[in-house]
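Structure below is entry30.pdb: PDB, C-alpha atoms.
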```pdb
ATOM      1  CA  MET A   1      14.397  36.209 -44.455
ATOM      2  CA  SER A   2      13.506  39.887 -44.474
ATOM      3  CA  LEU A   3      10.392  41.973 -43.827
ATOM      4  CA  TYR A   4      10.679  42.910 -47.514
ATOM      5  CA  ALA A   5       8.841  39.643 -48.213
ATOM      6  CA  LEU A   6       5.676  41.230 -46.788
ATOM      7  CA  LYS A   7       5.723  44.025 -49.383
ATOM      8  CA  PRO A   8       3.246  42.432 -51.851
ATOM      9  CA  LYS A   9       0.551  42.156 -49.174
ATOM     10  CA  PHE A  10       1.099  45.762 -48.144
ATOM     11  CA  GLN A  11       0.865  46.854 -51.784
ATOM     12  CA  ASN A  12      -2.462  45.092 -52.157
ATOM     13  CA  LEU A  13      -3.877  47.161 -49.300
ATOM     14  CA  LEU A  14      -2.659  50.388 -50.921
ATOM     15  CA  ARG A  15      -3.697  49.602 -54.502
ATOM     16  CA  PRO A  16      -7.146  51.326 -54.306
ATOM     17  CA  LEU A  17      -5.514  54.501 -52.966
ATOM     18  CA  THR A  18      -2.867  54.287 -55.700
ATOM     19  CA  ARG A  19      -5.557  54.084 -58.387
ATOM     20  CA  TRP A  20      -7.279  57.124 -56.880
ATOM     21  CA  LEU A  21      -4.031  59.118 -56.842
ATOM     22  CA  ALA A  22      -3.270  58.180 -60.445
ATOM     23  CA  GLY A  23      -6.751  59.274 -61.445
ATOM     24  CA  HIS A  24      -6.158  62.667 -59.850
ATOM     25  CA  GLY A  25      -2.878  63.310 -61.652
ATOM     26  CA  VAL A  26      -0.415  62.425 -58.892
ATOM     27  CA  THR A  27       2.847  61.098 -60.341
ATOM     28  CA  ALA A  28       5.317  58.535 -59.041
ATOM     29  CA  ASN A  29       8.117  61.107 -59.044
ATOM     30  CA  GLN A  30       6.065  63.492 -56.913
ATOM     31  CA  VAL A  31       5.482  60.760 -54.336
ATOM     32  CA  THR A  32       9.186  59.823 -54.383
ATOM     33  CA  LEU A  33      10.255  63.417 -53.762
ATOM     34  CA  LEU A  34       7.681  63.765 -50.986
ATOM     35  CA  ALA A  35       9.085  60.689 -49.249
ATOM     36  CA  ALA A  36      12.650  62.034 -49.381
ATOM     37  CA  ALA A  37      11.680  65.554 -48.315
ATOM     38  CA  GLY A  38       9.551  64.222 -45.480
ATOM     39  CA  SER A  39      12.407  62.048 -44.210
ATOM     40  CA  ILE A  40      14.783  65.005 -44.180
ATOM     41  CA  GLY A  41      12.193  67.192 -42.437
ATOM     42  CA  VAL A  42      11.410  64.627 -39.747
ATOM     43  CA  ALA A  43      15.110  63.985 -39.169
ATOM     44  CA  ALA A  44      15.772  67.711 -38.793
ATOM     45  CA  LEU A  45      12.940  68.165 -36.282
ATOM     46  CA  VAL A  46      13.982  65.203 -34.143
ATOM     47  CA  GLY A  47      17.634  66.179 -34.344
ATOM     48  CA  CYS A  48      16.893  69.740 -33.230
ATOM     49  CA  PHE A  49      14.426  69.020 -30.431
ATOM     50  CA  GLY A  50      14.863  65.336 -29.523
ATOM     51  CA  ALA A  51      17.668  65.871 -27.019
ATOM     52  CA  ALA A  52      15.608  68.214 -24.835
ATOM     53  CA  ALA A  53      12.240  66.540 -25.432
ATOM     54  CA  PRO A  54      12.546  62.807 -26.253
ATOM     55  CA  ASP A  55       8.883  62.570 -27.212
ATOM     56  CA  TRP A  56       9.899  64.123 -30.549
ATOM     57  CA  PHE A  57      11.333  60.688 -31.397
ATOM     58  CA  LEU A  58       7.741  59.523 -31.789
ATOM     59  CA  LEU A  59       7.791  61.217 -35.189
ATOM     60  CA  ILE A  60      10.235  58.621 -36.488
ATOM     61  CA  PRO A  61       8.074  55.460 -36.220
ATOM     62  CA  ILE A  62       5.039  57.388 -37.488
ATOM     63  CA  TRP A  63       6.961  58.710 -40.462
ATOM     64  CA  LEU A  64       8.654  55.374 -41.193
ATOM     65  CA  PHE A  65       5.235  53.776 -41.612
ATOM     66  CA  LEU A  66       4.082  56.609 -43.877
ATOM     67  CA  ARG A  67       7.319  56.435 -45.841
ATOM     68  CA  MET A  68       6.862  52.697 -46.361
ATOM     69  CA  ALA A  69       3.414  53.421 -47.767
ATOM     70  CA  LEU A  70       4.753  56.177 -50.034
ATOM     71  CA  ASN A  71       7.507  53.861 -51.313
ATOM     72  CA  ALA A  72       4.944  51.218 -52.171
ATOM     73  CA  ILE A  73       2.671  53.766 -53.854
ATOM     74  CA  ASP A  74       5.361  55.324 -56.046
ATOM     75  CA  GLY A  75       6.402  51.867 -57.240
ATOM     76  CA  MET A  76       2.838  50.920 -58.159
ATOM     77  CA  LEU A  77       2.257  54.255 -59.891
ATOM     78  CA  ALA A  78       5.361  53.630 -61.982
ATOM     79  CA  ARG A  79       4.701  50.001 -62.842
ATOM     80  CA  GLU A  80       0.924  49.802 -63.018
ATOM     81  CA  HIS A  81       0.034  53.255 -64.349
ATOM     82  CA  GLY A  82       2.621  53.760 -67.081
ATOM     83  CA  GLN A  83       4.820  56.217 -65.193
ATOM     84  CA  LYS A  84       8.173  54.438 -65.426
ATOM     85  CA  SER A  85      11.048  56.717 -66.409
ATOM     86  CA  VAL A  86      14.834  56.885 -66.215
ATOM     87  CA  LEU A  87      14.568  59.980 -64.014
ATOM     88  CA  GLY A  88      12.150  58.116 -61.754
ATOM     89  CA  ALA A  89      14.621  55.258 -61.315
ATOM     90  CA  TYR A  90      17.326  57.697 -60.227
ATOM     91  CA  LEU A  91      14.990  59.590 -57.900
ATOM     92  CA  ASN A  92      13.716  56.378 -56.336
ATOM     93  CA  GLU A  93      17.107  54.909 -55.499
ATOM     94  CA  LEU A  94      18.797  58.170 -54.497
ATOM     95  CA  GLY A  95      15.767  59.175 -52.448
ATOM     96  CA  ASP A  96      15.900  55.895 -50.528
ATOM     97  CA  VAL A  97      19.590  56.283 -49.682
ATOM     98  CA  ILE A  98      19.137  59.933 -48.636
ATOM     99  CA  SER A  99      16.143  59.026 -46.479
ATOM    100  CA  ASP A 100      17.939  56.088 -44.869
ATOM    101  CA  ILE A 101      20.886  58.254 -43.868
ATOM    102  CA  ALA A 102      18.696  61.133 -42.699
ATOM    103  CA  LEU A 103      16.582  58.972 -40.398
ATOM    104  CA  VAL A 104      19.639  57.466 -38.697
ATOM    105  CA  LEU A 105      21.281  60.801 -37.875
ATOM    106  CA  PRO A 106      18.741  61.954 -35.209
ATOM    107  CA  PHE A 107      20.193  59.217 -32.990
ATOM    108  CA  LEU A 108      23.294  61.412 -32.706
ATOM    109  CA  VAL A 109      21.470  63.246 -29.885
ATOM    110  CA  VAL A 110      21.165  60.050 -27.805
ATOM    111  CA  PRO A 111      23.864  60.482 -25.117
ATOM    112  CA  VAL A 112      24.805  56.816 -24.728
ATOM    113  CA  LEU A 113      25.401  56.248 -28.444
ATOM    114  CA  PRO A 114      28.891  57.182 -29.674
ATOM    115  CA  ALA A 115      28.586  59.644 -32.555
ATOM    116  CA  ALA A 116      31.109  57.693 -34.641
ATOM    117  CA  GLU A 117      28.969  54.553 -34.419
ATOM    118  CA  VAL A 118      25.825  56.429 -35.438
ATOM    119  CA  TRP A 119      27.665  57.665 -38.522
ATOM    120  CA  LEU A 120      28.987  54.147 -39.122
ATOM    121  CA  PHE A 121      25.468  52.740 -39.081
ATOM    122  CA  ALA A 122      24.355  55.425 -41.559
ATOM    123  CA  LEU A 123      27.259  54.441 -43.835
ATOM    124  CA  ALA A 124      26.419  50.743 -43.459
ATOM    125  CA  ALA A 125      22.799  51.455 -44.433
ATOM    126  CA  ALA A 126      23.984  53.180 -47.605
ATOM    127  CA  LEU A 127      26.332  50.283 -48.400
ATOM    128  CA  VAL A 128      23.479  47.786 -48.046
ATOM    129  CA  GLU A 129      21.465  49.630 -50.686
ATOM    130  CA  CYS A 130      24.498  50.076 -52.963
ATOM    131  CA  ALA A 131      25.218  46.341 -52.767
ATOM    132  CA  GLY A 132      21.695  45.678 -53.980
ATOM    133  CA  LEU A 133      21.895  48.284 -56.750
ATOM    134  CA  ILE A 134      25.142  46.955 -58.205
ATOM    135  CA  GLY A 135      23.439  43.646 -59.097
ATOM    136  CA  PRO A 136      22.176  44.751 -62.543
ATOM    137  CA  LEU A 137      25.576  46.276 -63.374
ATOM    138  CA  ALA A 138      27.212  42.911 -62.682
ATOM    139  CA  GLY A 139      24.715  40.906 -64.707
ATOM    140  CA  ALA A 140      22.424  39.963 -61.805
ATOM    141  CA  SER A 141      19.088  41.321 -60.610
ATOM    142  CA  ARG A 142      18.506  44.071 -58.061
ATOM    143  CA  ARG A 143      19.293  42.212 -54.827
ATOM    144  CA  TYR A 144      17.018  42.446 -51.780
ATOM    145  CA  ASP A 145      18.654  39.726 -49.665
ATOM    146  CA  GLY A 146      18.447  39.968 -45.865
ATOM    147  CA  PRO A 147      18.881  39.649 -43.023
ATOM    148  CA  PHE A 148      18.840  43.436 -42.596
ATOM    149  CA  GLY A 149      17.393  45.257 -45.556
ATOM    150  CA  LYS A 150      15.516  48.541 -45.744
ATOM    151  CA  SER A 151      12.254  47.259 -44.245
ATOM    152  CA  ASP A 152      14.044  45.530 -41.354
ATOM    153  CA  ARG A 153      16.106  48.652 -40.686
ATOM    154  CA  ALA A 154      12.978  50.801 -40.612
ATOM    155  CA  PHE A 155      11.298  48.434 -38.159
ATOM    156  CA  ILE A 156      14.242  48.447 -35.737
ATOM    157  CA  LEU A 157      14.826  52.202 -35.945
ATOM    158  CA  GLY A 158      11.133  52.807 -35.380
ATOM    159  CA  ALA A 159      11.128  50.541 -32.328
ATOM    160  CA  LEU A 160      14.223  52.241 -30.889
ATOM    161  CA  ALA A 161      12.739  55.679 -31.507
ATOM    162  CA  LEU A 162       9.520  54.626 -29.783
ATOM    163  CA  TRP A 163      11.571  53.408 -26.807
ATOM    164  CA  LEU A 164      13.280  56.792 -26.600
ATOM    165  CA  ALA A 165      10.004  58.675 -27.000
ATOM    166  CA  CYS A 166       8.584  56.793 -24.026
ATOM    167  CA  SER A 167      11.637  57.859 -21.970
ATOM    168  CA  LEU A 168      12.394  54.257 -21.092
ATOM    169  CA  PRO A 169      15.796  53.588 -19.478
ATOM    170  CA  LEU A 170      18.911  53.542 -21.622
ATOM    171  CA  GLY A 171      22.145  51.763 -20.883
ATOM    172  CA  PRO A 172      25.120  49.882 -22.297
ATOM    173  CA  ALA A 173      22.743  47.341 -23.829
ATOM    174  CA  LEU A 174      21.631  49.962 -26.353
ATOM    175  CA  VAL A 175      25.220  50.479 -27.470
ATOM    176  CA  TRP A 176      25.723  46.750 -28.016
ATOM    177  CA  LEU A 177      22.390  46.478 -29.811
ATOM    178  CA  TRP A 178      23.466  49.320 -32.101
ATOM    179  CA  ARG A 179      26.747  47.539 -32.827
ATOM    180  CA  GLY A 180      24.778  44.406 -33.589
ATOM    181  CA  LEU A 181      22.746  46.353 -36.151
ATOM    182  CA  ILE A 182      25.938  47.547 -37.797
ATOM    183  CA  ALA A 183      27.190  43.946 -37.931
ATOM    184  CA  LEU A 184      23.887  42.768 -39.459
ATOM    185  CA  SER A 185      24.120  45.525 -42.059
ATOM    186  CA  LEU A 186      27.619  44.449 -43.048
ATOM    187  CA  LEU A 187      26.490  40.814 -43.185
ATOM    188  CA  THR A 188      23.686  41.890 -45.518
ATOM    189  CA  VAL A 189      26.192  43.633 -47.774
ATOM    190  CA  VAL A 190      28.239  40.431 -47.983
ATOM    191  CA  ARG A 191      25.175  38.273 -48.679
ATOM    192  CA  ARG A 192      23.964  40.602 -51.440
ATOM    193  CA  VAL A 193      27.366  40.643 -53.082
ATOM    194  CA  LEU A 194      27.728  36.847 -52.927
ATOM    195  CA  ALA A 195      24.174  36.288 -54.153
ATOM    196  CA  GLY A 196      24.714  38.729 -57.008
ATOM    197  CA  VAL A 197      27.974  37.067 -58.029
ATOM    198  CA  GLU A 198      26.351  33.633 -57.957
ATOM    199  CA  GLU A 199      23.333  34.793 -59.951
ATOM    200  CA  ALA A 200      25.511  36.505 -62.569
ATOM    201  CA  ALA A 201      27.637  33.372 -62.903
ATOM    202  CA  GLU A 202      24.538  31.211 -63.355
ATOM    203  CA  LYS A 203      23.183  33.533 -66.048
ATOM    204  CA  ALA A 204      26.541  33.550 -67.815
ATOM    205  CA  GLY A 205      26.683  29.748 -67.678
ATOM    206  CA  THR A 206      23.135  29.430 -69.017
ATOM    207  CA  GLY A 207      23.891  31.839 -71.822
ATOM    208  CA  ALA A 208      27.053  29.953 -72.768
ATOM    209  CA  SER A 209      25.268  26.575 -72.782
ATOM    210  CA  ARG A 210      22.497  27.915 -75.042
ATOM    211  CA  SER A 211      24.991  29.364 -77.490
TER     212      SER A 211
END
```

File written out as structure tokens:
Amino acid sequence: MSLYALKPKFQNLLRPLTRWLAGHGVTANQVTLLAAAGSIGVAALVGCFGAAAPDWFLLIPIWLFLRMALNAIDGMLAREHGQKSVLGAYLNELGDVISDIALVLPFLVVPVLPAAEVWLFALAAALVECAGLIGPLAGASRRYDGPFGKSDRAFILGALALWLACSLPLGPALVWLWRGLIALSLLTVVRRVLAGVEEAAEKAGTGASRS
């Protein structure tokens, strides 16, 4: 299971806004670039000021919600309003990976979190997305298997950032929670790889039987 399963319902809520944006000339690529630029900007602000003023971490959950909406909108603009393009596919996937890494790095200013483990989590997040992207290259579909995909990661990071913004107590438990998130990310990589291999094998077997 993954929060990604809730995406269709969220898209339905945003569809009227998407139609309005399309009618006013907004393109999917513009929305994609806005989402990536916004993630980098928010990460830079929190990274610069979050150590001295933890309430800056409140920007992260707010932006993560907005970014989720932008990601849904750019996809609907592409699919439902004839804006699909090869460039858009590159921008969408690269923008997601850049945003994922950027929004993890502000946690480097949290004193109890080892810097190496923050970087490790950022790397694990990128690996999760790469494992999903490799599916079509291997003869499978784009994999979104859980348990810790992009939507789940955003939810947890937003909750942790909110905790920090409220200046609630930190301790060793946060370190172990962070390590647990890294472990879940690596488990997700393994599940996506195995699911992609299985799907590709099934497609190959079906193709062989039909021939």

From A:Ala53, A:Leu170, A:Ala165, A:Ala140, residue lying nearest Arg192 (chain A) [all atoms listed in the file] =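 Of all the options, A:Ala140 lies closest to Arg192 (chain A).
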
What is the CA of Ile101 (chain A)-CA of Ile62 (chain A) distance in Å, reported with one decimal?
-> 17.1 Å

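Note on the selection: in this file the PyMOL selection byres ((chain A and resi 78) around 12) comes out as Thr18, Arg19, Ala22, Val26, Thr27, Ala28, Asn29, Gln30, Val31, Thr32, Asn71, Ala72, Ile73, Asp74, Gly75, Met76, Leu77, Arg79, Glu80, His81, Gly82, Gln83, Lys84, Ser85, Val86, Leu87, Gly88, Ala89 and Asn92 of chain A.
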
Find the residue from A:Leu17, A:Val193, A:Leu33, A:Ile60 that sits nearest to Ser141 (chain A); use all atoms listed in the file when measuring.
->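 Residue with the minimum atom-to-atom distance to Ser141 (chain A): A:Val193.
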
Of the listed residues A:Leu120, A:Ala36, A:Ile182, A:Leu137, that which approaches Leu91 (chain A) most closely, counting only C-alpha atoms =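 Of all the options, A:Ala36 lies closest to Leu91 (chain A).
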
Quick one: residues within 10 Å of Ala201 (chain A), only C-alpha atoms counted, chain neighbours fewer than 6 positions away excluded, as a list in words?
->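 My list of contacting residues is Ala138, Gly139, Ala140, Ala195 and Gly207 of chain A.
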
How would region 63-74 of chain A look with N, CA and C atoms restored, written as a PDB file, keeping the file's coordinate frame?
```
ATOM      1  N   TRP A  63       6.538  58.389 -39.098  1.00  0.00           N
ATOM      2  CA  TRP A  63       6.961  58.710 -40.462  1.00  0.00           C
ATOM      3  C   TRP A  63       7.461  57.474 -41.202  1.00  0.00           C
ATOM      4  N   LEU A  64       8.160  56.574 -40.521  1.00  0.00           N
ATOM      5  CA  LEU A  64       8.654  55.374 -41.193  1.00  0.00           C
ATOM      6  C   LEU A  64       7.513  54.552 -41.784  1.00  0.00           C
ATOM      7  N   PHE A  65       6.392  54.490 -41.071  1.00  0.00           N
ATOM      8  CA  PHE A  65       5.235  53.776 -41.612  1.00  0.00           C
ATOM      9  C   PHE A  65       4.690  54.506 -42.838  1.00  0.00           C
ATOM     10  N   LEU A  66       4.580  55.834 -42.743  1.00  0.00           N
ATOM     11  CA  LEU A  66       4.082  56.609 -43.877  1.00  0.00           C
ATOM     12  C   LEU A  66       5.036  56.510 -45.065  1.00  0.00           C
ATOM     13  N   ARG A  67       6.334  56.537 -44.760  1.00  0.00           N
ATOM     14  CA  ARG A  67       7.319  56.435 -45.841  1.00  0.00           C
ATOM     15  C   ARG A  67       7.225  55.076 -46.533  1.00  0.00           C
ATOM     16  N   MET A  68       7.012  54.024 -45.764  1.00  0.00           N
ATOM     17  CA  MET A  68       6.862  52.697 -46.361  1.00  0.00           C
ATOM     18  C   MET A  68       5.664  52.679 -47.316  1.00  0.00           C
ATOM     19  N   ALA A  69       4.584  53.342 -46.907  1.00  0.00           N
ATOM     20  CA  ALA A  69       3.414  53.421 -47.767  1.00  0.00           C
ATOM     21  C   ALA A  69       3.713  54.233 -49.028  1.00  0.00           C
ATOM     22  N   LEU A  70       4.407  55.352 -48.877  1.00  0.00           N
ATOM     23  CA  LEU A  70       4.753  56.177 -50.034  1.00  0.00           C
ATOM     24  C   LEU A  70       5.662  55.417 -50.995  1.00  0.00           C
ATOM     25  N   ASN A  71       6.618  54.648 -50.462  1.00  0.00           N
ATOM     26  CA  ASN A  71       7.507  53.861 -51.313  1.00  0.00           C
ATOM     27  C   ASN A  71       6.739  52.811 -52.108  1.00  0.00           C
ATOM     28  N   ALA A  72       5.756  52.210 -51.459  1.00  0.00           N
ATOM     29  CA  ALA A  72       4.944  51.218 -52.171  1.00  0.00           C
ATOM     30  C   ALA A  72       4.087  51.894 -53.244  1.00  0.00           C
ATOM     31  N   ILE A  73       3.546  53.058 -52.913  1.00  0.00           N
ATOM     32  CA  ILE A  73       2.671  53.766 -53.854  1.00  0.00           C
ATOM     33  C   ILE A  73       3.438  54.245 -55.076  1.00  0.00           C
ATOM     34  N   ASP A  74       4.641  54.819 -54.869  1.00  0.00           N
ATOM     35  CA  ASP A  74       5.361  55.324 -56.046  1.00  0.00           C
ATOM     36  C   ASP A  74       5.754  54.178 -56.978  1.00  0.00           C
TER      37      ASP A  74
END
```
